[in-house]
file entry_27.cif (mmCIF, C-alpha atoms)
data_run
#
loop_
_atom_site.label_atom_id
_atom_site.label_comp_id
_atom_site.auth_asym_id
_atom_site.auth_seq_id
_atom_site.Cartn_x
_atom_site.Cartn_y
_atom_site.Cartn_z
CA MET M 161 -14.86 14.92 14.06
CA LYS M 162 -13.31 18.04 12.54
CA SER M 163 -13.18 18.47 8.79
CA SER M 164 -11.08 20.65 6.51
CA LEU M 165 -12.07 22.60 3.41
CA LEU M 166 -10.01 21.84 0.30
CA GLN M 167 -10.42 24.11 -2.71
CA THR M 168 -8.53 25.63 -5.63
CA GLU M 169 -8.67 28.58 -8.01
CA PRO M 170 -10.02 27.90 -11.54
CA SER M 171 -6.55 28.67 -12.91
CA LEU M 172 -5.16 25.56 -11.24
CA TYR M 173 -7.69 23.34 -13.00
CA LYS M 174 -6.67 24.92 -16.29
CA ASN M 175 -2.92 24.43 -15.80
CA LEU M 176 -1.45 22.37 -12.94
CA THR M 177 2.32 22.84 -12.87
CA GLY M 178 5.03 22.18 -10.30
CA THR M 179 7.57 19.87 -8.69
CA VAL M 180 6.90 17.42 -5.87
CA GLN M 181 9.43 15.57 -3.73
CA LEU M 182 7.49 12.38 -3.12
CA PRO M 183 7.80 10.42 0.13
CA SER M 184 9.89 7.27 0.11
CA SER M 185 8.23 3.92 -0.39
CA LYS M 186 7.06 2.44 2.91
CA SER M 187 6.78 -0.96 1.22
CA GLU M 188 10.47 -0.98 0.35
CA SER M 189 11.41 0.65 3.66
CA ASN M 190 9.60 -1.89 5.82
CA ARG M 191 11.08 -4.86 4.00
CA ALA M 192 14.57 -3.40 4.15
CA LEU M 193 14.17 -2.74 7.89
CA ILE M 194 13.20 -6.36 8.63
CA ILE M 195 16.02 -7.76 6.50
CA ASN M 196 18.51 -5.38 8.13
CA ALA M 197 17.30 -6.48 11.58
CA LEU M 198 17.78 -10.13 10.60
CA ALA M 199 21.31 -9.22 9.45
CA GLY M 200 22.19 -7.65 12.78
CA PHE M 201 21.34 -4.00 12.05
CA LYS M 202 24.66 -3.46 10.26
CA SER M 203 23.55 -2.30 6.82
CA THR M 204 23.15 1.27 5.57
CA LEU M 205 19.57 2.13 4.63
CA GLN M 206 19.09 5.45 2.89
CA ASN M 207 15.97 7.49 2.19
CA LEU M 208 13.72 5.55 4.58
CA SER M 209 10.06 6.49 4.57
CA GLU M 210 8.66 9.14 6.91
CA ALA M 211 5.35 7.26 7.00
CA ARG M 212 3.96 6.43 10.42
CA ASP M 213 3.96 2.72 9.54
CA THR M 214 7.70 2.78 8.92
CA GLN M 215 8.44 4.93 11.94
CA THR M 216 6.44 2.48 14.07
CA LEU M 217 8.38 -0.48 12.71
CA GLN M 218 11.72 1.23 13.39
CA ARG M 219 10.68 2.08 16.93
CA LEU M 220 9.51 -1.44 17.75
CA LEU M 221 12.56 -3.15 16.27
CA ALA M 222 14.70 -0.95 18.51
CA ASP M 223 12.55 -1.68 21.59
CA THR M 224 13.81 -5.21 22.18
CA ASP M 225 12.86 -5.33 25.86
CA ALA M 226 9.20 -4.36 25.51
CA PRO M 227 6.87 -7.31 26.28
CA VAL M 228 4.16 -5.78 24.05
CA TRP M 229 4.61 -4.44 20.55
CA ASP M 230 1.75 -2.13 19.57
CA VAL M 231 1.77 -1.71 15.79
CA LEU M 232 -1.07 0.84 15.85
CA ASP M 233 -2.86 0.50 12.49
CA ALA M 234 0.09 -0.83 10.46
CA GLY M 235 -0.86 -4.09 8.77
CA THR M 236 2.52 -4.67 7.16
CA THR M 237 4.24 -4.06 10.49
CA MET M 238 1.94 -6.54 12.24
CA ARG M 239 2.54 -9.32 9.69
CA PHE M 240 6.28 -8.76 9.33
CA LEU M 241 6.93 -8.52 13.08
CA THR M 242 4.84 -11.62 13.75
CA ALA M 243 7.13 -13.74 11.58
CA TYR M 244 10.26 -11.90 12.77
CA ALA M 245 9.48 -12.45 16.46
CA ALA M 246 8.16 -15.99 16.01
CA LEU M 247 11.17 -17.50 14.27
CA GLN M 248 13.53 -15.95 16.79
CA GLY M 249 11.47 -17.24 19.70
CA LEU M 250 10.95 -13.78 21.13
CA HIS M 251 8.46 -13.57 23.98
CA LYS M 252 6.22 -10.84 22.55
CA GLN M 253 2.59 -9.87 22.48
CA LEU M 254 1.56 -8.07 19.28
CA THR M 255 -1.48 -5.85 19.22
CA GLY M 256 -2.81 -2.75 17.50
CA THR M 257 -5.79 -0.49 17.01
CA GLU M 258 -9.36 -1.79 17.12
CA ARG M 259 -9.39 -2.06 13.33
CA MET M 260 -6.00 -3.77 13.32
CA CYS M 261 -7.42 -6.40 15.66
CA GLN M 262 -10.22 -7.01 13.13
CA ARG M 263 -7.80 -7.77 10.30
CA PRO M 264 -7.09 -11.50 9.92
CA ILE M 265 -3.72 -13.06 10.65
CA GLY M 266 -4.69 -16.72 10.97
CA ILE M 267 -3.13 -17.89 7.71
CA LEU M 268 0.28 -16.56 8.75
CA VAL M 269 0.00 -17.89 12.32
CA ASP M 270 -0.97 -21.35 11.03
CA ALA M 271 2.09 -21.41 8.76
CA LEU M 272 4.42 -20.30 11.56
CA ARG M 273 2.98 -22.95 13.87
CA VAL M 274 3.77 -25.61 11.26
CA LEU M 275 7.39 -24.46 11.35
CA GLY M 276 7.52 -24.65 15.16
CA ALA M 277 6.32 -21.32 16.51
CA GLN M 278 4.25 -21.25 19.69
CA ILE M 279 1.61 -18.56 19.21
CA GLU M 280 -1.64 -18.02 21.08
CA TYR M 281 -4.58 -15.74 20.36
CA LYS M 282 -5.45 -13.40 23.21
CA ALA M 283 -8.99 -12.67 22.00
CA ALA M 284 -10.74 -13.82 18.80
CA GLU M 285 -9.33 -16.86 17.02
CA GLY M 286 -7.47 -15.84 13.87
CA PHE M 287 -7.04 -12.18 14.81
CA PRO M 288 -4.66 -10.03 16.87
CA PRO M 289 -3.70 -9.59 19.61
CA ILE M 290 -1.39 -12.60 19.64
CA GLN M 291 1.15 -13.91 22.13
CA ILE M 292 4.42 -15.44 20.90
CA THR M 293 6.17 -17.56 23.51
CA ASP M 294 8.76 -19.81 21.85
CA PHE M 295 10.11 -21.44 18.70
CA GLN M 296 11.20 -25.06 18.43
CA TYR M 297 12.01 -26.04 14.85
CA SER M 298 9.60 -28.73 13.66
CA GLY M 299 11.91 -30.05 10.96
CA LYS M 300 9.45 -29.10 8.23
CA ASN M 301 10.94 -27.07 5.44
CA LYS M 302 8.00 -26.89 3.05
CA ILE M 303 4.65 -25.18 3.49
CA GLN M 304 1.65 -24.34 1.35
CA ILE M 305 -0.09 -21.00 1.67
CA VAL M 306 -3.03 -19.55 -0.22
CA GLY M 307 -1.87 -16.86 -2.61
CA ASN M 308 -4.84 -14.53 -2.97
CA VAL M 309 -5.54 -13.29 0.58
CA SER M 310 -2.52 -11.15 1.49
CA SER M 311 0.91 -10.98 -0.08
CA GLN M 312 2.16 -9.71 3.28
CA TYR M 313 1.84 -13.21 4.77
CA ILE M 314 4.03 -14.58 2.01
CA SER M 315 6.59 -11.78 2.25
CA ALA M 316 6.75 -12.18 6.03
CA LEU M 317 7.52 -15.89 5.73
CA ALA M 318 9.99 -15.43 2.90
CA MET M 319 12.13 -12.87 4.73
CA VAL M 320 12.60 -15.04 7.81
CA ALA M 321 13.01 -18.29 5.85
CA PRO M 322 16.84 -18.14 5.68
CA LEU M 323 16.92 -18.41 9.49
CA LEU M 324 15.49 -21.94 9.36
CA PRO M 325 18.10 -24.74 9.53
CA ASP M 326 16.92 -26.22 6.22
CA GLY M 327 15.59 -23.09 4.58
CA LEU M 328 12.02 -23.08 3.32
CA THR M 329 10.04 -23.90 0.22
CA ILE M 330 6.82 -21.89 -0.06
CA GLU M 331 4.20 -23.26 -2.43
CA LEU M 332 1.50 -20.74 -3.31
CA THR M 333 -1.89 -22.30 -3.95
CA GLY M 334 -4.66 -20.92 -6.12
CA ALA M 335 -4.53 -17.53 -7.78
CA VAL M 336 -1.81 -15.20 -6.49
CA GLY M 337 -2.65 -11.57 -5.71
CA SER M 338 -0.26 -8.62 -5.41
CA TRP M 339 2.60 -10.61 -6.94
CA PRO M 340 4.73 -7.47 -7.48
CA TYR M 341 4.87 -7.01 -3.69
CA ILE M 342 6.12 -10.58 -3.32
CA GLN M 343 8.63 -9.99 -6.11
CA MET M 344 9.78 -6.82 -4.34
CA THR M 345 10.48 -8.89 -1.23
CA LEU M 346 12.41 -11.52 -3.18
CA ASP M 347 14.43 -8.87 -5.05
CA LEU M 348 15.41 -7.21 -1.78
CA MET M 349 16.37 -10.58 -0.27
CA SER M 350 18.59 -11.17 -3.31
CA HIS M 351 20.09 -7.70 -2.92
CA PHE M 352 21.08 -8.64 0.63
CA GLY M 353 22.68 -11.91 -0.47
CA ILE M 354 20.05 -14.70 -0.44
CA LYS M 355 20.16 -16.82 -3.60
CA LEU M 356 16.59 -18.03 -3.94
CA ILE M 357 14.79 -19.76 -6.78
CA VAL M 358 11.27 -19.09 -8.08
CA GLU M 359 9.56 -21.67 -10.30
CA ASN M 360 5.95 -20.94 -11.21
CA GLN M 361 4.25 -20.60 -7.80
CA VAL M 362 7.01 -22.25 -5.79
CA ILE M 363 9.61 -20.17 -3.95
CA ARG M 364 12.71 -22.06 -2.77
CA ILE M 365 14.72 -20.19 -0.15
CA PRO M 366 17.94 -21.78 1.15
CA ALA M 367 19.23 -21.54 4.69
CA GLY M 368 21.78 -18.79 4.94
CA ARG M 369 22.69 -15.40 6.28
CA TYR M 370 21.90 -11.99 4.93
CA ASN M 371 24.98 -9.99 4.00
CA GLU M 372 26.01 -7.41 6.55
CA ASN M 373 27.18 -3.91 5.68
CA THR M 374 24.96 -3.75 2.60
CA ALA M 375 23.78 -0.38 1.28
CA PHE M 376 20.26 0.16 -0.01
CA ALA M 377 18.50 3.37 -1.07
CA VAL M 378 14.71 3.40 -0.98
CA GLU M 379 12.88 4.70 -4.05
CA SER M 380 10.09 7.26 -3.87
CA ASP M 381 6.57 5.90 -3.40
CA TRP M 382 4.53 5.04 -6.49
CA SER M 383 1.37 4.75 -4.39
CA GLY M 384 1.87 8.37 -3.39
CA ALA M 385 2.54 9.25 -7.03
CA SER M 386 -0.87 7.92 -8.04
CA TYR M 387 -2.70 10.90 -6.50
CA TRP M 388 -0.66 13.29 -8.63
CA TYR M 389 -1.47 11.25 -11.72
CA SER M 390 -5.13 11.63 -10.81
CA MET M 391 -4.72 15.40 -10.44
CA ALA M 392 -2.99 15.57 -13.83
CA ALA M 393 -5.92 13.67 -15.36
CA PHE M 394 -8.44 16.04 -13.70
CA ALA M 395 -6.68 19.16 -14.97
CA GLN M 396 -7.05 20.55 -18.48
CA GLN M 397 -3.27 20.90 -18.73
CA ALA M 398 -0.60 19.49 -16.41
CA ASN M 399 3.18 19.39 -16.17
CA ILE M 400 4.30 17.85 -12.88
CA LEU M 401 7.75 16.55 -11.96
CA LEU M 402 7.60 13.79 -9.33
CA LYS M 403 11.09 13.48 -7.90
CA GLY M 404 12.68 10.19 -6.90
CA LEU M 405 10.79 7.78 -9.18
CA LYS M 406 12.60 5.24 -11.36
CA ALA M 407 11.62 3.72 -14.68
CA ASN M 408 12.68 0.25 -13.51
CA SER M 409 10.87 0.11 -10.19
CA LEU M 410 10.46 -2.70 -7.68
CA GLN M 411 6.99 -1.36 -6.87
CA GLY M 412 3.89 -2.84 -8.47
CA ASP M 413 2.08 0.48 -8.19
CA SER M 414 4.24 1.77 -11.04
CA GLN M 415 1.38 0.22 -13.06
CA ILE M 416 -0.22 3.67 -12.71
CA VAL M 417 1.96 4.73 -15.66
CA THR M 418 0.13 2.34 -17.99
CA PHE M 419 -3.30 3.09 -16.59
CA MET M 420 -2.94 6.84 -16.92
CA GLN M 421 -1.40 6.69 -20.37
CA GLU M 422 -4.80 5.50 -21.59
CA LEU M 423 -6.41 8.50 -19.87
CA GLY M 424 -4.22 11.11 -21.51
CA VAL M 425 -1.39 11.46 -18.97
CA GLN M 426 2.04 10.57 -20.35
CA THR M 427 5.13 9.79 -18.24
CA TYR M 428 8.62 10.93 -19.21
CA PHE M 429 11.49 9.73 -17.02
CA GLU M 430 14.25 12.21 -16.29
CA ALA M 431 17.44 12.01 -14.25
CA ASP M 432 15.71 12.99 -11.01
CA GLY M 433 12.23 11.58 -11.44
CA ALA M 434 9.13 11.23 -13.62
CA ARG M 435 7.47 14.09 -15.45
CA LEU M 436 3.71 13.87 -15.98
CA ILE M 437 2.28 15.67 -19.01
CA LYS M 438 -1.42 15.90 -19.73
CA THR M 439 -1.42 15.44 -23.51
CA HIS M 440 -5.11 15.10 -24.29
CA GLU M 441 -8.56 14.40 -22.90
CA PRO M 442 -9.58 10.87 -23.90
CA THR M 443 -12.77 10.70 -25.96
CA ASP M 444 -14.94 7.84 -27.15
CA LEU M 445 -13.38 5.44 -24.69
CA ALA M 446 -14.57 1.90 -25.19
CA THR M 447 -15.59 0.06 -22.05
CA MET M 448 -12.39 -1.17 -20.37
CA THR M 449 -11.78 -3.66 -17.57
CA TRP M 450 -8.77 -2.91 -15.40
CA ASP M 451 -7.37 -5.54 -13.05
CA PHE M 452 -6.04 -4.37 -9.67
CA THR M 453 -5.01 -7.79 -8.40
CA ASP M 454 -1.34 -6.80 -8.44
CA CYS M 455 -1.82 -3.17 -7.39
CA PRO M 456 -4.81 -2.89 -5.03
CA ASP M 457 -3.56 0.36 -3.48
CA LEU M 458 -4.25 2.12 -6.78
CA ALA M 459 -7.90 1.13 -6.86
CA GLN M 460 -9.39 3.98 -4.82
CA THR M 461 -7.49 6.59 -6.83
CA VAL M 462 -8.64 5.24 -10.18
CA VAL M 463 -12.22 4.50 -9.11
CA VAL M 464 -12.77 8.07 -7.89
CA LEU M 465 -11.18 9.53 -11.03
CA ALA M 466 -13.26 7.32 -13.32
CA ALA M 467 -16.45 8.19 -11.44
CA ALA M 468 -15.81 11.93 -11.61
CA LYS M 469 -14.74 11.95 -15.27
CA GLY M 470 -17.33 9.45 -16.47
CA TYR M 471 -14.79 6.97 -17.80
CA PRO M 472 -16.43 3.61 -18.68
CA ILE M 473 -14.03 1.44 -16.68
CA SER M 474 -14.88 -1.80 -14.89
CA PHE M 475 -12.69 -2.99 -12.04
CA THR M 476 -11.52 -6.45 -11.01
CA GLY M 477 -9.03 -7.68 -8.43
CA LEU M 478 -10.56 -5.72 -5.55
CA GLN M 479 -10.92 -8.67 -3.15
CA SER M 480 -8.21 -7.59 -0.72
CA LEU M 481 -9.79 -4.14 -0.29
CA ARG M 482 -12.28 -5.65 2.14
CA ILE M 483 -9.58 -6.30 4.77
CA LYS M 484 -7.55 -3.10 4.51
CA GLU M 485 -7.58 -0.14 6.92
CA THR M 486 -11.33 -0.14 6.31
CA ASP M 487 -13.63 -2.06 3.97
CA ARG M 488 -12.52 0.08 1.06
CA ILE M 489 -15.20 -1.14 -1.33
CA LYS M 490 -17.96 -0.19 1.10
CA ALA M 491 -16.27 3.13 1.87
CA LEU M 492 -16.03 4.01 -1.83
CA GLN M 493 -19.66 3.06 -2.37
CA GLN M 494 -20.82 5.30 0.44
CA GLU M 495 -18.78 8.34 -0.57
CA LEU M 496 -19.45 8.11 -4.31
CA GLU M 497 -23.20 8.12 -3.66
CA THR M 498 -22.78 11.69 -2.39
CA PHE M 499 -22.03 12.60 -6.01
CA GLY M 500 -24.75 10.45 -7.56
CA VAL M 501 -22.53 7.54 -8.62
CA LYS M 502 -22.94 3.93 -7.55
CA LEU M 503 -20.08 1.40 -7.44
CA THR M 504 -21.82 -1.91 -8.05
CA GLU M 505 -20.76 -5.52 -8.47
CA THR M 506 -22.05 -6.11 -11.98
CA SER M 507 -20.92 -9.76 -12.00
CA PRO M 508 -18.90 -11.89 -9.57
CA SER M 509 -15.72 -9.96 -8.66
CA VAL M 510 -16.36 -7.31 -11.35
CA PHE M 511 -17.35 -3.79 -10.32
CA GLY M 512 -18.72 -1.00 -12.46
CA LEU M 513 -19.87 2.59 -12.09
CA VAL M 514 -23.50 3.58 -12.59
CA GLY M 515 -24.79 7.15 -12.72
CA LYS M 516 -23.43 10.55 -13.71
CA TRP M 517 -21.24 12.55 -11.33
CA GLN M 518 -23.00 15.68 -10.14
CA ALA M 519 -22.20 18.26 -7.52
CA PRO M 520 -24.50 17.94 -4.50
CA PRO M 521 -26.48 21.02 -3.43
CA HIS M 522 -24.41 21.28 -0.26
CA LEU M 523 -20.67 21.35 0.32
CA PRO M 524 -19.80 17.64 0.20
CA LEU M 525 -18.11 15.97 3.16
CA ILE M 526 -15.72 13.10 2.40
CA HIS M 527 -15.57 10.62 5.26
CA THR M 528 -12.14 9.02 5.57
CA TYR M 529 -12.87 5.95 7.75
CA ASP M 530 -9.42 6.18 9.40
CA ASP M 531 -8.02 5.35 5.94
CA HIS M 532 -5.25 7.49 4.47
CA ARG M 533 -6.05 6.44 0.92
CA MET M 534 -9.68 7.59 1.14
CA ALA M 535 -8.52 11.13 1.95
CA MET M 536 -5.92 11.23 -0.81
CA ALA M 537 -8.03 9.52 -3.47
CA PHE M 538 -10.76 12.17 -3.13
CA ALA M 539 -8.41 15.17 -2.80
CA PRO M 540 -8.06 15.65 -6.59
CA VAL M 541 -11.82 16.27 -6.76
CA ALA M 542 -11.03 19.74 -5.36
CA LEU M 543 -9.78 20.70 -8.82
CA ARG M 544 -13.41 20.50 -9.90
CA GLN M 545 -15.27 21.65 -6.78
CA ALA M 546 -14.57 22.47 -3.16
CA VAL M 547 -14.83 19.52 -0.77
CA ARG M 548 -14.68 18.99 2.96
CA ILE M 549 -12.37 16.16 4.05
CA GLU M 550 -12.80 14.56 7.44
CA ASP M 551 -9.72 13.97 9.59
CA ILE M 552 -6.97 15.05 7.24
CA GLY M 553 -4.40 13.67 9.71
CA VAL M 554 -4.97 10.13 8.43
CA VAL M 555 -2.40 10.73 5.67
CA ALA M 556 0.38 10.42 8.27
CA LYS M 557 0.18 6.66 7.77
CA SER M 558 1.90 6.83 4.38
CA TYR M 559 2.32 10.43 3.12
CA PRO M 560 2.70 12.87 6.04
CA ARG M 561 3.55 15.86 3.80
CA PHE M 562 0.62 15.35 1.41
CA TRP M 563 -1.31 18.51 2.33
CA ASP M 564 1.86 20.60 2.38
CA ASP M 565 2.66 19.39 -1.12
CA LEU M 566 -0.85 20.31 -2.27
CA ARG M 567 -0.45 23.79 -0.80
CA SER M 568 2.85 24.21 -2.65
CA MET M 569 0.97 23.53 -5.89
CA GLY M 570 -1.71 26.12 -5.14
CA PHE M 571 -4.42 24.18 -3.30
CA ARG M 572 -6.03 25.92 -0.33
CA LEU M 573 -6.75 23.98 2.87
CA SER M 574 -8.51 25.49 5.84
CA ASN M 575 -10.03 24.14 9.03
CA LEU M 576 -13.78 24.24 9.52
#
call {"tool": "encode", "arguments": {"input": "entry_27.cif", "output": "structure tokens"}}
result
Amino acid sequence: MKSSLLQTEPSLYKNLTGTVQLPSSKSESNRALIINALAGFKSTLQNLSEARDTQTLQRLLADTDAPVWDVLDAGTTMRFLTAYAALQGLHKQLTGTERMCQRPIGILVDALRVLGAQIEYKAAEGFPPIQITDFQYSGKNKIQIVGNVSSQYISALAMVAPLLPDGLTIELTGAVGSWPYIQMTLDLMSHFGIKLIVENQVIRIPAGRYNENTAFAVESDWSGASYWYSMAAFAQQANILLKGLKANSLQGDSQIVTFMQELGVQTYFEADGARLIKTHEPTDLATMTWDFTDCPDLAQTVVVLAAAKGYPISFTGLQSLRIKETDRIKALQQELETFGVKLTETSPSVFGLVGKWQAPPHLPLIHTYDDHRMAMAFAPVALRQAVRIEDIGVVAKSYPRFWDDLRSMGFRLSNL
């Protein structure tokens, strides 16, 4: 597979300055698209994401006659469309890439079957591809679902719940992961007119209709912002304006503001976005434990940064990384070893970094594992040393303009 060389001039490391128009949030976009579809496609959605996941969802929602919906590698699209098609009794087969068909969907299918959906597995039990054939309401309006596997299951059920004759009460059992993503879903449902109630880990959603002709503008993507925070932390000085971010965000990945504040990168909100200022290089950091339960998409960014800078950070809440686009824990472990650092499970569910980052004797190659976040999490390393990145096209999944934005800031990217 082809790789690309990413490098910078020393001056960029000394002072990283510029303005970036971030992509729109695909998390907000995908939820708004499903809700708009349930409302009859009559609302006005502005600033939708250019990410391949969102473009795929738009295309499939418009392709009502297709017997097969191929979601490619889009996990959110698979989960959301499964619930969307099931509760409307659409006769659809849902499939995706080889990796997509290795990502579990059994918990969601089981819940939909309880409600009356007829769904069959076409290959391995509990995994796509699946065949949806009908929906006959079972009369059950309360389900339990485990809360720490994937928030996407819960969001998928919540968004279609108003279609049920008696609404739906969703009781989350055990610990709940990625709660901000669930809260984002509920906030968007409220924006489109559903008056739901949340009490502890119980979500009560009444039967009803989403409001038609509702306007919604999607915010810029905080996950995409995280890579620029990492670059600001790498640089000696930084002043970067990230356009389109809001102080009061629906996105859980806005947690990056708090994380990076401890690492010397301050955030100042302005009328058109967030300005990142590198104020100092943290010294004498005590060992810290950071929990990524509610923001797992930030983990790769912060782990790579901490490994390269030697920050004594331990990491928890990484469970869901095993079932993402790749096994992200294993991928991080393999790539960090190139630089002499080991990511190890120091105690149950707690990971730490062992070893000192050092440049290998050869030009390092970063394998991306068909995972957009692996490419972007390692890109800031180029501020310290040139790196080769395998298959730079993977960023199309969430941030298609990523390399163009890097070039605009002074990074150099060339094919090898």
call {"tool": "resolve_selection", "arguments": {"input": "entry_27.cif", "expression": "the PyMOL selection byres ((chain M and resi 185-187) around 10)", "output": "VMD selection string"}}
result
chain M and resid 182 to 184 188 to 192 207 to 215 236 341 344 to 345 378 to 384 405 410 to 411 557 to 559
call {"tool": "resolve_selection", "arguments": {"input": "entry_27.cif", "expression": "the PyMOL selection byres ((chain M and resi 306-314) around 6)", "output": "mmCIF file with C-alpha atoms, keeping the file's coordinate frame"}}
result
data_model
loop_
_atom_site.group_PDB
_atom_site.id
_atom_site.type_symbol
_atom_site.label_atom_id
_atom_site.label_comp_id
_atom_site.auth_asym_id
_atom_site.auth_seq_id
_atom_site.Cartn_x
_atom_site.Cartn_y
_atom_site.Cartn_z
ATOM 1 C CA LEU M 268 0.280 -16.560 8.750
ATOM 2 C CA ILE M 305 -0.090 -21.000 1.670
ATOM 3 C CA SER M 315 6.590 -11.780 2.250
ATOM 4 C CA ALA M 316 6.750 -12.180 6.030
ATOM 5 C CA LEU M 317 7.520 -15.890 5.730
ATOM 6 C CA LEU M 332 1.500 -20.740 -3.310
ATOM 7 C CA THR M 333 -1.890 -22.300 -3.950
ATOM 8 C CA ALA M 335 -4.530 -17.530 -7.780
ATOM 9 C CA VAL M 336 -1.810 -15.200 -6.490
ATOM 10 C CA GLY M 337 -2.650 -11.570 -5.710
ATOM 11 C CA SER M 338 -0.260 -8.620 -5.410
#
call {"tool": "atom_distance", "arguments": {"input": "entry_27.cif", "atom1": "CA of Thr486 in chain M", "atom2": "CA of Glu258 in chain M"}}
result
11.1 Å
call {"tool": "closest_residue", "arguments": {"input": "entry_27.cif", "among": "M:Asp531, M:Asp451, M:Glu495, M:Asp565", "to": "Met260 in chain M", "atoms": "only C-alpha atoms"}}
result
M:Asp531
call {"tool": "closest_residue", "arguments": {"input": "entry_27.cif", "among": "M:Ser480, M:Thr443, M:Gln493, M:Gln248", "to": "Ala467 in chain M", "atoms": "only C-alpha atoms"}}
result
M:Gln493
call {"tool": "resolve_selection", "arguments": {"input": "entry_27.cif", "expression": "the PyMOL selection byres ((chain M and resi 517) around 7)", "output": "VMD selection string"}}
result
chain M and resid 467 to 468 499 to 501 515 to 516 518 to 519
call {"tool": "write_last_selection", "arguments": {"input": "entry_27.cif", "atoms": "C-alpha atoms", "output": "PDB file, in the coordinates of the input"}}
result
ATOM      1  CA  ALA M 467     -16.450   8.190 -11.440  1.00  0.00           C
ATOM      2  CA  ALA M 468     -15.810  11.930 -11.610  1.00  0.00           C
ATOM      3  CA  PHE M 499     -22.030  12.600  -6.010  1.00  0.00           C
ATOM      4  CA  GLY M 500     -24.750  10.450  -7.560  1.00  0.00           C
ATOM      5  CA  VAL M 501     -22.530   7.540  -8.620  1.00  0.00           C
ATOM      6  CA  GLY M 515     -24.790   7.150 -12.720  1.00  0.00           C
ATOM      7  CA  LYS M 516     -23.430  10.550 -13.710  1.00  0.00           C
ATOM      8  CA  GLN M 518     -23.000  15.680 -10.140  1.00  0.00           C
ATOM      9  CA  ALA M 519     -22.200  18.260  -7.520  1.00  0.00           C
TER      10      ALA M 519
END
call {"tool": "atom_distance", "arguments": {"input": "entry_27.cif", "atom1": "CA of Leu478 in chain M", "atom2": "CA of Asn360 in chain M"}}
result
23.2 Å
call {"tool": "residues_around", "arguments": {"input": "entry_27.cif", "residues": "Pro472 in chain M", "least_positions_apart": "6", "cutoff": "10 Å", "atoms": "all atoms listed in the file", "output": "list of chain:residue names"}}
result
M:Asp444, M:Leu445, M:Ala446, M:Thr447, M:Met448, M:Thr449, M:Ala466, M:Gly512, M:Leu513, M:Val514
call {"tool": "atom_distance", "arguments": {"input": "entry_27.cif", "atom1": "CA of Glu422 in chain M", "atom2": "CA of Val555 in chain M"}}
result
27.9 Å
call {"tool": "closest_residue", "arguments": {"input": "entry_27.cif", "among": "M:Ser298, M:Cys261, M:Ala546, M:Ile267", "to": "Ser574 in chain M", "atoms": "only C-alpha atoms"}}
result
M:Ala546
call {"tool": "closest_residue", "arguments": {"input": "entry_27.cif", "among": "M:Arg435, M:Arg364, M:Arg263, M:His351", "to": "Ile303 in chain M", "atoms": "all atoms listed in the file"}}
result
M:Arg364
call {"tool": "residues_around", "arguments": {"input": "entry_27.cif", "residues": "Tyr428 in chain M", "least_positions_apart": "2", "cutoff": "10 Å", "atoms": "all atoms listed in the file", "output": "list in words"}}
result
Leu401, Ala407, Val417, Gln426, Glu430, Gly433, Ala434, Arg435, Leu436 and Ile437 of chain M
call {"tool": "write_last_selection", "arguments": {"input": "entry_27.cif", "atoms": "C-alpha atoms", "output": "short mmCIF file (atom, residue, chain, number, x, y, z; two decimals), in the coordinates of the input"}}
result
data_model
loop_
_atom_site.label_atom_id
_atom_site.label_comp_id
_atom_site.auth_asym_id
_atom_site.auth_seq_id
_atom_site.Cartn_x
_atom_site.Cartn_y
_atom_site.Cartn_z
CA LEU M 401 7.75 16.55 -11.96
CA ALA M 407 11.62 3.72 -14.68
CA VAL M 417 1.96 4.73 -15.66
CA GLN M 426 2.04 10.57 -20.35
CA GLU M 430 14.25 12.21 -16.29
CA GLY M 433 12.23 11.58 -11.44
CA ALA M 434 9.13 11.23 -13.62
CA ARG M 435 7.47 14.09 -15.45
CA LEU M 436 3.71 13.87 -15.98
CA ILE M 437 2.28 15.67 -19.01
#
call {"tool": "build_atoms", "arguments": {"input": "entry_27.cif", "residues": "range 467-474 of chain M", "atoms": "N, CA and C atoms", "output": "short mmCIF file (atom, residue, chain, number, x, y, z; two decimals), in the frame of the given file"}}
result
data_model
loop_
_atom_site.label_atom_id
_atom_site.label_comp_id
_atom_site.auth_asym_id
_atom_site.auth_seq_id
_atom_site.Cartn_x
_atom_site.Cartn_y
_atom_site.Cartn_z
N ALA M 467 -15.09 7.75 -11.78
CA ALA M 467 -16.45 8.19 -11.44
C ALA M 467 -16.65 9.66 -11.76
N ALA M 468 -15.68 10.49 -11.40
CA ALA M 468 -15.81 11.93 -11.61
C ALA M 468 -15.75 12.31 -13.09
N LYS M 469 -14.94 11.60 -13.86
CA LYS M 469 -14.74 11.95 -15.27
C LYS M 469 -15.68 11.19 -16.19
N GLY M 470 -16.42 10.22 -15.65
CA GLY M 470 -17.33 9.45 -16.47
C GLY M 470 -16.66 8.45 -17.38
N TYR M 471 -15.49 7.96 -16.98
CA TYR M 471 -14.79 6.97 -17.80
C TYR M 471 -15.47 5.60 -17.65
N PRO M 472 -15.74 4.90 -18.74
CA PRO M 472 -16.43 3.61 -18.68
C PRO M 472 -15.48 2.46 -18.34
N ILE M 473 -14.99 2.45 -17.11
CA ILE M 473 -14.03 1.44 -16.68
C ILE M 473 -14.70 0.49 -15.69
N SER M 474 -14.49 -0.81 -15.89
CA SER M 474 -14.88 -1.80 -14.89
C SER M 474 -13.63 -2.24 -14.14
#
